[in-house]
file structure.pdb (PDB, N, CA, C and O atoms)
ATOM      1  N   MET A 520    -102.060  69.375 -92.289
ATOM      2  CA  MET A 520    -102.055  70.713 -92.811
ATOM      3  C   MET A 520    -103.476  71.124 -93.160
ATOM      4  O   MET A 520    -104.291  70.286 -93.525
ATOM      5  N   PHE A 521    -103.719  72.394 -93.065
ATOM      6  CA  PHE A 521    -104.988  72.987 -93.475
ATOM      7  C   PHE A 521    -104.635  74.059 -94.499
ATOM      8  O   PHE A 521    -103.852  74.959 -94.206
ATOM      9  N   ILE A 522    -105.169  73.969 -95.707
ATOM     10  CA  ILE A 522    -104.853  74.895 -96.783
ATOM     11  C   ILE A 522    -106.137  75.558 -97.241
ATOM     12  O   ILE A 522    -107.072  74.886 -97.679
ATOM     13  N   ASP A 523    -106.186  76.876 -97.159
ATOM     14  CA  ASP A 523    -107.376  77.635 -97.517
ATOM     15  C   ASP A 523    -107.290  78.115 -98.963
ATOM     16  O   ASP A 523    -106.203  78.242 -99.530
ATOM     17  N   ASP A 524    -108.437  78.374 -99.544
ATOM     18  CA  ASP A 524    -108.544  78.954-100.899
ATOM     19  C   ASP A 524    -107.861  78.125-101.979
ATOM     20  O   ASP A 524    -107.191  78.662-102.855
ATOM     21  N   ILE A 525    -108.045  76.804-101.953
ATOM     22  CA  ILE A 525    -107.381  75.961-102.948
ATOM     23  C   ILE A 525    -108.047  76.032-104.317
ATOM     24  O   ILE A 525    -107.501  75.525-105.290
ATOM     25  N   PHE A 526    -109.185  76.691-104.404
ATOM     26  CA  PHE A 526    -109.884  76.810-105.685
ATOM     27  C   PHE A 526    -109.309  77.919-106.557
ATOM     28  O   PHE A 526    -109.624  78.007-107.740
ATOM     29  N   THR A 527    -108.440  78.768-106.005
ATOM     30  CA  THR A 527    -107.931  79.910-106.770
ATOM     31  C   THR A 527    -106.632  79.619-107.511
ATOM     32  O   THR A 527    -106.141  80.478-108.234
ATOM     33  N   HIS A 528    -106.050  78.431-107.312
ATOM     34  CA  HIS A 528    -104.787  78.094-107.979
ATOM     35  C   HIS A 528    -104.613  76.581-108.027
ATOM     36  O   HIS A 528    -105.366  75.840-107.402
ATOM     37  N   GLN A 529    -103.618  76.105-108.747
ATOM     38  CA  GLN A 529    -103.387  74.672-108.927
ATOM     39  C   GLN A 529    -102.355  74.097-107.967
ATOM     40  O   GLN A 529    -102.048  72.929-108.028
ATOM     41  N   GLY A 530    -101.790  74.914-107.076
ATOM     42  CA  GLY A 530    -100.717  74.458-106.194
ATOM     43  C   GLY A 530    -101.088  73.248-105.355
ATOM     44  O   GLY A 530    -100.315  72.297-105.242
ATOM     45  N   PHE A 531    -102.252  73.250-104.746
ATOM     46  CA  PHE A 531    -102.673  72.128-103.903
ATOM     47  C   PHE A 531    -102.841  70.865-104.738
ATOM     48  O   PHE A 531    -102.337  69.802-104.379
ATOM     49  N   ALA A 532    -103.517  70.973-105.876
ATOM     50  CA  ALA A 532    -103.731  69.806-106.751
ATOM     51  C   ALA A 532    -102.402  69.240-107.239
ATOM     52  O   ALA A 532    -102.210  68.021-107.252
ATOM     53  N   ASP A 533    -101.477  70.107-107.626
ATOM     54  CA  ASP A 533    -100.164  69.647-108.087
ATOM     55  C   ASP A 533     -99.413  68.939-106.966
ATOM     56  O   ASP A 533     -98.798  67.891-107.170
ATOM     57  N   TRP A 534     -99.465  69.493-105.759
ATOM     58  CA  TRP A 534     -98.777  68.878-104.632
ATOM     59  C   TRP A 534     -99.367  67.507-104.305
ATOM     60  O   TRP A 534     -98.642  66.546-104.073
ATOM     61  N   VAL A 535    -100.702  67.400-104.318
ATOM     62  CA  VAL A 535    -101.367  66.128-104.014
ATOM     63  C   VAL A 535    -100.966  65.063-105.033
ATOM     64  O   VAL A 535    -100.669  63.926-104.673
ATOM     65  N   ARG A 536    -100.943  65.408-106.317
ATOM     66  CA  ARG A 536    -100.550  64.442-107.350
ATOM     67  C   ARG A 536     -99.123  63.946-107.155
ATOM     68  O   ARG A 536     -98.821  62.811-107.460
ATOM     69  N   GLY A 537     -98.252  64.780-106.628
ATOM     70  CA  GLY A 537     -96.860  64.395-106.431
ATOM     71  C   GLY A 537     -96.556  63.792-105.081
ATOM     72  O   GLY A 537     -95.420  63.451-104.788
ATOM     73  N   THR A 538     -97.556  63.647-104.213
ATOM     74  CA  THR A 538     -97.351  63.156-102.854
ATOM     75  C   THR A 538     -98.276  61.975-102.611
ATOM     76  O   THR A 538     -99.353  62.122-102.042
ATOM     77  N   ALA A 539     -97.846  60.817-103.029
ATOM     78  CA  ALA A 539     -98.694  59.624-102.957
ATOM     79  C   ALA A 539     -98.945  59.151-101.524
ATOM     80  O   ALA A 539     -99.923  58.464-101.273
ATOM     81  N   ARG A 540     -98.120  59.516-100.586
ATOM     82  CA  ARG A 540     -98.243  58.994 -99.229
ATOM     83  C   ARG A 540     -99.053  59.895 -98.297
ATOM     84  O   ARG A 540     -98.987  59.765 -97.090
ATOM     85  N   ALA A 541     -99.801  60.823 -98.842
ATOM     86  CA  ALA A 541    -100.610  61.711 -97.999
ATOM     87  C   ALA A 541    -102.088  61.419 -98.200
ATOM     88  O   ALA A 541    -102.519  61.042 -99.284
ATOM     89  N   ARG A 542    -102.856  61.601 -97.146
ATOM     90  CA  ARG A 542    -104.315  61.468 -97.221
ATOM     91  C   ARG A 542    -104.887  62.867 -97.286
ATOM     92  O   ARG A 542    -104.512  63.729 -96.485
ATOM     93  N   THR A 543    -105.790  63.102 -98.234
ATOM     94  CA  THR A 543    -106.330  64.455 -98.418
ATOM     95  C   THR A 543    -107.854  64.462 -98.358
ATOM     96  O   THR A 543    -108.505  63.463 -98.642
ATOM     97  N   LEU A 544    -108.365  65.614 -97.993
ATOM     98  CA  LEU A 544    -109.795  65.843 -97.960
ATOM     99  C   LEU A 544    -110.024  67.251 -98.482
ATOM    100  O   LEU A 544    -109.358  68.188 -98.044
ATOM    101  N   ILE A 545    -110.934  67.407 -99.441
ATOM    102  CA  ILE A 545    -111.280  68.712 -99.987
ATOM    103  C   ILE A 545    -112.695  69.035 -99.533
ATOM    104  O   ILE A 545    -113.607  68.226 -99.687
ATOM    105  N   CYS A 546    -112.872  70.234 -98.959
ATOM    106  CA  CYS A 546    -114.141  70.617 -98.349
ATOM    107  C   CYS A 546    -114.601  71.984 -98.843
ATOM    108  O   CYS A 546    -113.778  72.853 -99.097
ATOM    109  N   PRO A 547    -115.916  72.184 -98.932
ATOM    110  CA  PRO A 547    -116.418  73.525 -99.264
ATOM    111  C   PRO A 547    -116.310  74.448 -98.054
ATOM    112  O   PRO A 547    -116.405  74.003 -96.914
ATOM    113  N   SER A 548    -116.112  75.729 -98.323
ATOM    114  CA  SER A 548    -116.099  76.704 -97.233
ATOM    115  C   SER A 548    -117.519  76.903 -96.709
ATOM    116  O   SER A 548    -118.495  76.493 -97.336
ATOM    117  N   GLU A 549    -117.622  77.542 -95.578
ATOM    118  CA  GLU A 549    -118.931  77.739 -94.950
ATOM    119  C   GLU A 549    -119.899  78.508 -95.854
ATOM    120  O   GLU A 549    -121.092  78.222 -95.891
ATOM    121  N   ASP A 550    -119.377  79.463 -96.620
ATOM    122  CA  ASP A 550    -120.244  80.245 -97.497
ATOM    123  C   ASP A 550    -120.563  79.535 -98.819
ATOM    124  O   ASP A 550    -121.346  80.020 -99.617
ATOM    125  N   GLY A 551    -119.949  78.365 -99.043
ATOM    126  CA  GLY A 551    -120.222  77.581-100.245
ATOM    127  C   GLY A 551    -119.558  78.113-101.507
ATOM    128  O   GLY A 551    -119.759  77.575-102.583
ATOM    129  N   GLU A 552    -118.728  79.149-101.386
ATOM    130  CA  GLU A 552    -118.107  79.747-102.559
ATOM    131  C   GLU A 552    -116.648  79.358-102.736
ATOM    132  O   GLU A 552    -116.059  79.627-103.775
ATOM    133  N   GLY A 553    -116.041  78.757-101.760
ATOM    134  CA  GLY A 553    -114.626  78.412-101.837
ATOM    135  C   GLY A 553    -114.378  76.979-101.424
ATOM    136  O   GLY A 553    -115.299  76.245-101.065
ATOM    137  N   LEU A 554    -113.124  76.581-101.471
ATOM    138  CA  LEU A 554    -112.710  75.241-101.060
ATOM    139  C   LEU A 554    -111.477  75.346-100.181
ATOM    140  O   LEU A 554    -110.645  76.234-100.351
ATOM    141  N   PHE A 555    -111.357  74.394 -99.247
ATOM    142  CA  PHE A 555    -110.119  74.275 -98.486
ATOM    143  C   PHE A 555    -109.721  72.815 -98.445
ATOM    144  O   PHE A 555    -110.532  71.918 -98.666
ATOM    145  N   GLY A 556    -108.449  72.565 -98.242
ATOM    146  CA  GLY A 556    -107.930  71.206 -98.218
ATOM    147  C   GLY A 556    -107.349  70.862 -96.862
ATOM    148  O   GLY A 556    -106.828  71.722 -96.160
ATOM    149  N   ILE A 557    -107.456  69.595 -96.513
ATOM    150  CA  ILE A 557    -106.856  69.072 -95.288
ATOM    151  C   ILE A 557    -105.952  67.925 -95.704
ATOM    152  O   ILE A 557    -106.347  67.070 -96.504
ATOM    153  N   VAL A 558    -104.739  67.906 -95.163
ATOM    154  CA  VAL A 558    -103.772  66.864 -95.497
ATOM    155  C   VAL A 558    -103.296  66.212 -94.212
ATOM    156  O   VAL A 558    -102.944  66.893 -93.253
ATOM    157  N   ALA A 559    -103.291  64.881 -94.201
ATOM    158  CA  ALA A 559    -102.758  64.121 -93.073
ATOM    159  C   ALA A 559    -101.731  63.139 -93.614
ATOM    160  O   ALA A 559    -101.938  62.563 -94.683
ATOM    161  N   PRO A 560    -100.614  62.961 -92.933
ATOM    162  CA  PRO A 560     -99.612  62.005 -93.411
ATOM    163  C   PRO A 560    -100.165  60.585 -93.394
ATOM    164  O   PRO A 560    -100.963  60.236 -92.523
ATOM    165  N   HIS A 561     -99.776  59.809 -94.355
ATOM    166  CA  HIS A 561    -100.173  58.404 -94.411
ATOM    167  C   HIS A 561     -99.243  57.632 -93.499
ATOM    168  O   HIS A 561     -98.030  57.769 -93.581
ATOM    169  N   SER A 562     -99.784  56.830 -92.650
ATOM    170  CA  SER A 562     -98.985  56.067 -91.705
ATOM    171  C   SER A 562     -99.098  54.588 -92.042
ATOM    172  O   SER A 562    -100.107  53.953 -91.760
ATOM    173  N   ALA A 563     -98.091  54.033 -92.660
ATOM    174  CA  ALA A 563     -98.103  52.623 -93.087
ATOM    175  C   ALA A 563     -98.229  51.707 -91.869
ATOM    176  O   ALA A 563     -97.522  51.846 -90.898
ATOM    177  N   GLY A 564     -99.183  50.817 -91.939
ATOM    178  CA  GLY A 564     -99.356  49.820 -90.900
ATOM    179  C   GLY A 564    -100.133  50.296 -89.680
ATOM    180  O   GLY A 564    -100.334  49.515 -88.777
ATOM    181  N   ARG A 565    -100.543  51.532 -89.651
ATOM    182  CA  ARG A 565    -101.308  52.027 -88.502
ATOM    183  C   ARG A 565    -102.620  52.605 -88.969
ATOM    184  O   ARG A 565    -102.685  53.269 -90.001
ATOM    185  N   ALA A 566    -103.659  52.372 -88.209
ATOM    186  CA  ALA A 566    -104.984  52.906 -88.556
ATOM    187  C   ALA A 566    -105.021  54.406 -88.298
ATOM    188  O   ALA A 566    -104.447  54.892 -87.341
ATOM    189  N   VAL A 567    -105.707  55.112 -89.168
ATOM    190  CA  VAL A 567    -105.904  56.551 -89.001
ATOM    191  C   VAL A 567    -107.381  56.791 -88.814
ATOM    192  O   VAL A 567    -108.171  56.410 -89.656
ATOM    193  N   ARG A 568    -107.771  57.393 -87.703
ATOM    194  CA  ARG A 568    -109.181  57.668 -87.429
ATOM    195  C   ARG A 568    -109.517  59.088 -87.829
ATOM    196  O   ARG A 568    -108.741  60.002 -87.585
ATOM    197  N   ALA A 569    -110.693  59.263 -88.404
ATOM    198  CA  ALA A 569    -111.122  60.606 -88.798
ATOM    199  C   ALA A 569    -112.129  61.132 -87.801
ATOM    200  O   ALA A 569    -112.831  60.450 -87.147
TER     201      ALA A 569
END
call {"tool": "encode", "arguments": {"input": "structure.pdb", "output": "structure tokens"}}
result
Amino acid sequence: MFIDDIFTHQGFADWVRGTARARTLICPSEDGEGLFGIVAPHSAGRAVRA
């Protein structure tokens, strides 16, 4: 998943705390004023390449 504008509310942070099996990455937007999140499912026993 790709989630834009995660800095304007707590929804993404709340979801991440409640979803232990997901891998997340938080990144600054191109203009440096916002944040977006990337979520990838955790795959037990298999390597995940970035």
call {"tool": "atom_distance", "arguments": {"input": "structure.pdb", "atom1": "atom N of Gly551 of chain A", "atom2": "atom C of His528 of chain A"}}
result
17.9 Å
call {"tool": "resolve_selection", "arguments": {"input": "structure.pdb", "expression": "the PyMOL selection byres (((chain A and resi 553 and name CA) around 12) and name CA)", "output": "number ranges by chain"}}
result
A: 522-528, 545-552, 554-556
call {"tool": "axis_aligned_box", "arguments": {"input": "structure.pdb", "around": "segment 520-539 of chain A", "padding_each_side": "3 Å", "output": "JSON"}}
result
{"center_x": -102.7, "center_y": 69.5, "center_z": -100.6, "size_x": 20.5, "size_y": 28.0, "size_z": 22.6}
call {"tool": "atom_distance", "arguments": {"input": "structure.pdb", "atom1": "atom CA of Arg540 of chain A", "atom2": "atom C of Ala559 of chain A"}}
result
7.8 Å
call {"tool": "select_by_dssp", "arguments": {"input": "structure.pdb", "residues": "chain A", "states": "strand (DSSP E)", "output": "mmCIF file with N, CA, C and O atoms, in the frame of the given file"}}
result
data_model
loop_
_atom_site.group_PDB
_atom_site.id
_atom_site.type_symbol
_atom_site.label_atom_id
_atom_site.label_comp_id
_atom_site.auth_asym_id
_atom_site.auth_seq_id
_atom_site.Cartn_x
_atom_site.Cartn_y
_atom_site.Cartn_z
ATOM 1 N N PHE A 521 -103.719 72.394 -93.065
ATOM 2 C CA PHE A 521 -104.988 72.987 -93.475
ATOM 3 C C PHE A 521 -104.635 74.059 -94.499
ATOM 4 O O PHE A 521 -103.852 74.959 -94.206
ATOM 5 N N ILE A 522 -105.169 73.969 -95.707
ATOM 6 C CA ILE A 522 -104.853 74.895 -96.783
ATOM 7 C C ILE A 522 -106.137 75.558 -97.241
ATOM 8 O O ILE A 522 -107.072 74.886 -97.679
ATOM 9 N N ASP A 523 -106.186 76.876 -97.159
ATOM 10 C CA ASP A 523 -107.376 77.635 -97.517
ATOM 11 C C ASP A 523 -107.290 78.115 -98.963
ATOM 12 O O ASP A 523 -106.203 78.242 -99.530
ATOM 13 N N ALA A 541 -99.801 60.823 -98.842
ATOM 14 C CA ALA A 541 -100.610 61.711 -97.999
ATOM 15 C C ALA A 541 -102.088 61.419 -98.200
ATOM 16 O O ALA A 541 -102.519 61.042 -99.284
ATOM 17 N N ARG A 542 -102.856 61.601 -97.146
ATOM 18 C CA ARG A 542 -104.315 61.468 -97.221
ATOM 19 C C ARG A 542 -104.887 62.867 -97.286
ATOM 20 O O ARG A 542 -104.512 63.729 -96.485
ATOM 21 N N THR A 543 -105.790 63.102 -98.234
ATOM 22 C CA THR A 543 -106.330 64.455 -98.418
ATOM 23 C C THR A 543 -107.854 64.462 -98.358
ATOM 24 O O THR A 543 -108.505 63.463 -98.642
ATOM 25 N N LEU A 544 -108.365 65.614 -97.993
ATOM 26 C CA LEU A 544 -109.795 65.843 -97.960
ATOM 27 C C LEU A 544 -110.024 67.251 -98.482
ATOM 28 O O LEU A 544 -109.358 68.188 -98.044
ATOM 29 N N ILE A 545 -110.934 67.407 -99.441
ATOM 30 C CA ILE A 545 -111.280 68.712 -99.987
ATOM 31 C C ILE A 545 -112.695 69.035 -99.533
ATOM 32 O O ILE A 545 -113.607 68.226 -99.687
ATOM 33 N N CYS A 546 -112.872 70.234 -98.959
ATOM 34 C CA CYS A 546 -114.141 70.617 -98.349
ATOM 35 C C CYS A 546 -114.601 71.984 -98.843
ATOM 36 O O CYS A 546 -113.778 72.853 -99.097
ATOM 37 N N PRO A 547 -115.916 72.184 -98.932
ATOM 38 C CA PRO A 547 -116.418 73.525 -99.264
ATOM 39 C C PRO A 547 -116.310 74.448 -98.054
ATOM 40 O O PRO A 547 -116.405 74.003 -96.914
ATOM 41 N N LEU A 554 -113.124 76.581 -101.471
ATOM 42 C CA LEU A 554 -112.710 75.241 -101.060
ATOM 43 C C LEU A 554 -111.477 75.346 -100.181
ATOM 44 O O LEU A 554 -110.645 76.234 -100.351
ATOM 45 N N PHE A 555 -111.357 74.394 -99.247
ATOM 46 C CA PHE A 555 -110.119 74.275 -98.486
ATOM 47 C C PHE A 555 -109.721 72.815 -98.445
ATOM 48 O O PHE A 555 -110.532 71.918 -98.666
ATOM 49 N N GLY A 556 -108.449 72.565 -98.242
ATOM 50 C CA GLY A 556 -107.930 71.206 -98.218
ATOM 51 C C GLY A 556 -107.349 70.862 -96.862
ATOM 52 O O GLY A 556 -106.828 71.722 -96.160
ATOM 53 N N ILE A 557 -107.456 69.595 -96.513
ATOM 54 C CA ILE A 557 -106.856 69.072 -95.288
ATOM 55 C C ILE A 557 -105.952 67.925 -95.704
ATOM 56 O O ILE A 557 -106.347 67.070 -96.504
ATOM 57 N N VAL A 558 -104.739 67.906 -95.163
ATOM 58 C CA VAL A 558 -103.772 66.864 -95.497
ATOM 59 C C VAL A 558 -103.296 66.212 -94.212
ATOM 60 O O VAL A 558 -102.944 66.893 -93.253
ATOM 61 N N ALA A 559 -103.291 64.881 -94.201
ATOM 62 C CA ALA A 559 -102.758 64.121 -93.073
ATOM 63 C C ALA A 559 -101.731 63.139 -93.614
ATOM 64 O O ALA A 559 -101.938 62.563 -94.683
ATOM 65 N N PRO A 560 -100.614 62.961 -92.933
ATOM 66 C CA PRO A 560 -99.612 62.005 -93.411
ATOM 67 C C PRO A 560 -100.165 60.585 -93.394
ATOM 68 O O PRO A 560 -100.963 60.236 -92.523
#
call {"tool": "residues_near_point", "arguments": {"input": "structure.pdb", "point": "(-98.0, 64.0, -93.8)", "cutoff": "10 Å", "atoms": "only C-alpha atoms", "output": "MDAnalysis selection string"}}
result
chainID A and resid 520 538 540:543 558:562
call {"tool": "select_by_dssp", "arguments": {"input": "structure.pdb", "residues": "chain A", "states": "helix (DSSP H, G or I)", "output": "list of chain:residue names"}}
result
A:Ile525, A:Phe526, A:Thr527, A:Gly530, A:Phe531, A:Ala532, A:Asp533, A:Trp534, A:Val535, A:Arg536
call {"tool": "decode", "arguments": {"input": "structure.pdb", "residues": "segment 524-559 of chain A", "atoms": "N, CA and C atoms", "output": "mmCIF file, in the first residue's frame"}}
result
data_model
loop_
_atom_site.group_PDB
_atom_site.id
_atom_site.type_symbol
_atom_site.label_atom_id
_atom_site.label_comp_id
_atom_site.auth_asym_id
_atom_site.auth_seq_id
_atom_site.Cartn_x
_atom_site.Cartn_y
_atom_site.Cartn_z
ATOM 1 N N ASP A 524 0.021 11.731 2.674
ATOM 2 C CA ASP A 524 -0.380 12.712 3.704
ATOM 3 C C ASP A 524 -0.586 12.104 5.086
ATOM 4 N N ILE A 525 0.322 11.227 5.516
ATOM 5 C CA ILE A 525 0.151 10.589 6.822
ATOM 6 C C ILE A 525 0.493 11.519 7.980
ATOM 7 N N PHE A 526 1.030 12.685 7.683
ATOM 8 C CA PHE A 526 1.381 13.637 8.738
ATOM 9 C C PHE A 526 0.178 14.443 9.214
ATOM 10 N N THR A 527 -0.949 14.371 8.504
ATOM 11 C CA THR A 527 -2.104 15.200 8.862
ATOM 12 C C THR A 527 -3.078 14.514 9.810
ATOM 13 N N HIS A 528 -2.848 13.235 10.127
ATOM 14 C CA HIS A 528 -3.758 12.509 11.021
ATOM 15 C C HIS A 528 -3.039 11.312 11.632
ATOM 16 N N GLN A 529 -3.658 10.656 12.592
ATOM 17 C CA GLN A 529 -3.047 9.534 13.305
ATOM 18 C C GLN A 529 -3.445 8.173 12.751
ATOM 19 N N GLY A 530 -4.268 8.129 11.702
ATOM 20 C CA GLY A 530 -4.776 6.859 11.183
ATOM 21 C C GLY A 530 -3.686 5.875 10.799
ATOM 22 N N PHE A 531 -2.671 6.319 10.092
ATOM 23 C CA PHE A 531 -1.590 5.426 9.667
ATOM 24 C C PHE A 531 -0.828 4.896 10.874
ATOM 25 N N ALA A 532 -0.472 5.775 11.804
ATOM 26 C CA ALA A 532 0.268 5.356 13.008
ATOM 27 C C ALA A 532 -0.544 4.358 13.827
ATOM 28 N N ASP A 533 -1.836 4.609 13.985
ATOM 29 C CA ASP A 533 -2.692 3.689 14.738
ATOM 30 C C ASP A 533 -2.767 2.331 14.050
ATOM 31 N N TRP A 534 -2.902 2.330 12.728
ATOM 32 C CA TRP A 534 -2.978 1.076 11.993
ATOM 33 C C TRP A 534 -1.677 0.284 12.113
ATOM 34 N N VAL A 535 -0.533 0.972 12.000
ATOM 35 C CA VAL A 535 0.769 0.304 12.097
ATOM 36 C C VAL A 535 0.935 -0.339 13.473
ATOM 37 N N ARG A 536 0.570 0.368 14.537
ATOM 38 C CA ARG A 536 0.685 -0.192 15.889
ATOM 39 C C ARG A 536 -0.168 -1.442 16.064
ATOM 40 N N GLY A 537 -1.292 -1.516 15.382
ATOM 41 C CA GLY A 537 -2.178 -2.665 15.510
ATOM 42 C C GLY A 537 -1.924 -3.774 14.518
ATOM 43 N N THR A 538 -0.929 -3.625 13.644
ATOM 44 C CA THR A 538 -0.658 -4.598 12.591
ATOM 45 C C THR A 538 0.798 -5.028 12.679
ATOM 46 N N ALA A 539 1.063 -5.975 13.536
ATOM 47 C CA ALA A 539 2.442 -6.395 13.796
ATOM 48 C C ALA A 539 3.081 -7.121 12.612
ATOM 49 N N ARG A 540 2.311 -7.665 11.714
ATOM 50 C CA ARG A 540 2.867 -8.472 10.633
ATOM 51 C C ARG A 540 3.117 -7.686 9.346
ATOM 52 N N ALA A 541 3.130 -6.377 9.423
ATOM 53 C CA ALA A 541 3.377 -5.568 8.224
ATOM 54 C C ALA A 541 4.721 -4.867 8.334
ATOM 55 N N ARG A 542 5.362 -4.677 7.199
ATOM 56 C CA ARG A 542 6.614 -3.915 7.138
ATOM 57 C C ARG A 542 6.271 -2.535 6.622
ATOM 58 N N THR A 543 6.760 -1.502 7.303
ATOM 59 C CA THR A 543 6.403 -0.131 6.918
ATOM 60 C C THR A 543 7.643 0.722 6.673
ATOM 61 N N LEU A 544 7.442 1.729 5.857
ATOM 62 C CA LEU A 544 8.476 2.702 5.568
ATOM 63 C C LEU A 544 7.796 4.059 5.514
ATOM 64 N N ILE A 545 8.334 5.042 6.232
ATOM 65 C CA ILE A 545 7.806 6.399 6.224
ATOM 66 C C ILE A 545 8.822 7.279 5.513
ATOM 67 N N CYS A 546 8.346 8.055 4.528
ATOM 68 C CA CYS A 546 9.229 8.839 3.670
ATOM 69 C C CYS A 546 8.763 10.288 3.576
ATOM 70 N N PRO A 547 9.706 11.217 3.425
ATOM 71 C CA PRO A 547 9.308 12.612 3.186
ATOM 72 C C PRO A 547 8.833 12.791 1.748
ATOM 73 N N SER A 548 7.908 13.719 1.558
ATOM 74 C CA SER A 548 7.465 14.033 0.199
ATOM 75 C C SER A 548 8.565 14.800 -0.531
ATOM 76 N N GLU A 549 8.414 14.917 -1.819
ATOM 77 C CA GLU A 549 9.437 15.582 -2.632
ATOM 78 C C GLU A 549 9.679 17.028 -2.193
ATOM 79 N N ASP A 550 8.620 17.713 -1.766
ATOM 80 C CA ASP A 550 8.774 19.102 -1.344
ATOM 81 C C ASP A 550 9.287 19.241 0.095
ATOM 82 N N GLY A 551 9.432 18.111 0.800
ATOM 83 C CA GLY A 551 9.963 18.126 2.161
ATOM 84 C C GLY A 551 8.973 18.598 3.217
ATOM 85 N N GLU A 552 7.721 18.843 2.833
ATOM 86 C CA GLU A 552 6.739 19.356 3.777
ATOM 87 C C GLU A 552 5.756 18.301 4.261
ATOM 88 N N GLY A 553 5.720 17.158 3.650
ATOM 89 C CA GLY A 553 4.760 16.124 4.019
ATOM 90 C C GLY A 553 5.425 14.777 4.186
ATOM 91 N N LEU A 554 4.630 13.785 4.527
ATOM 92 C CA LEU A 554 5.108 12.413 4.682
ATOM 93 C C LEU A 554 4.148 11.467 3.983
ATOM 94 N N PHE A 555 4.703 10.358 3.479
ATOM 95 C CA PHE A 555 3.854 9.288 2.969
ATOM 96 C C PHE A 555 4.371 7.971 3.508
ATOM 97 N N GLY A 556 3.505 6.987 3.566
ATOM 98 C CA GLY A 556 3.864 5.681 4.099
ATOM 99 C C GLY A 556 3.745 4.604 3.040
ATOM 100 N N ILE A 557 4.598 3.605 3.163
ATOM 101 C CA ILE A 557 4.551 2.432 2.293
ATOM 102 C C ILE A 557 4.425 1.222 3.202
ATOM 103 N N VAL A 558 3.513 0.319 2.859
ATOM 104 C CA VAL A 558 3.286 -0.878 3.662
ATOM 105 C C VAL A 558 3.421 -2.097 2.768
ATOM 106 N N ALA A 559 4.179 -3.084 3.239
ATOM 107 C CA ALA A 559 4.312 -4.357 2.536
ATOM 108 C C ALA A 559 3.977 -5.471 3.517
#
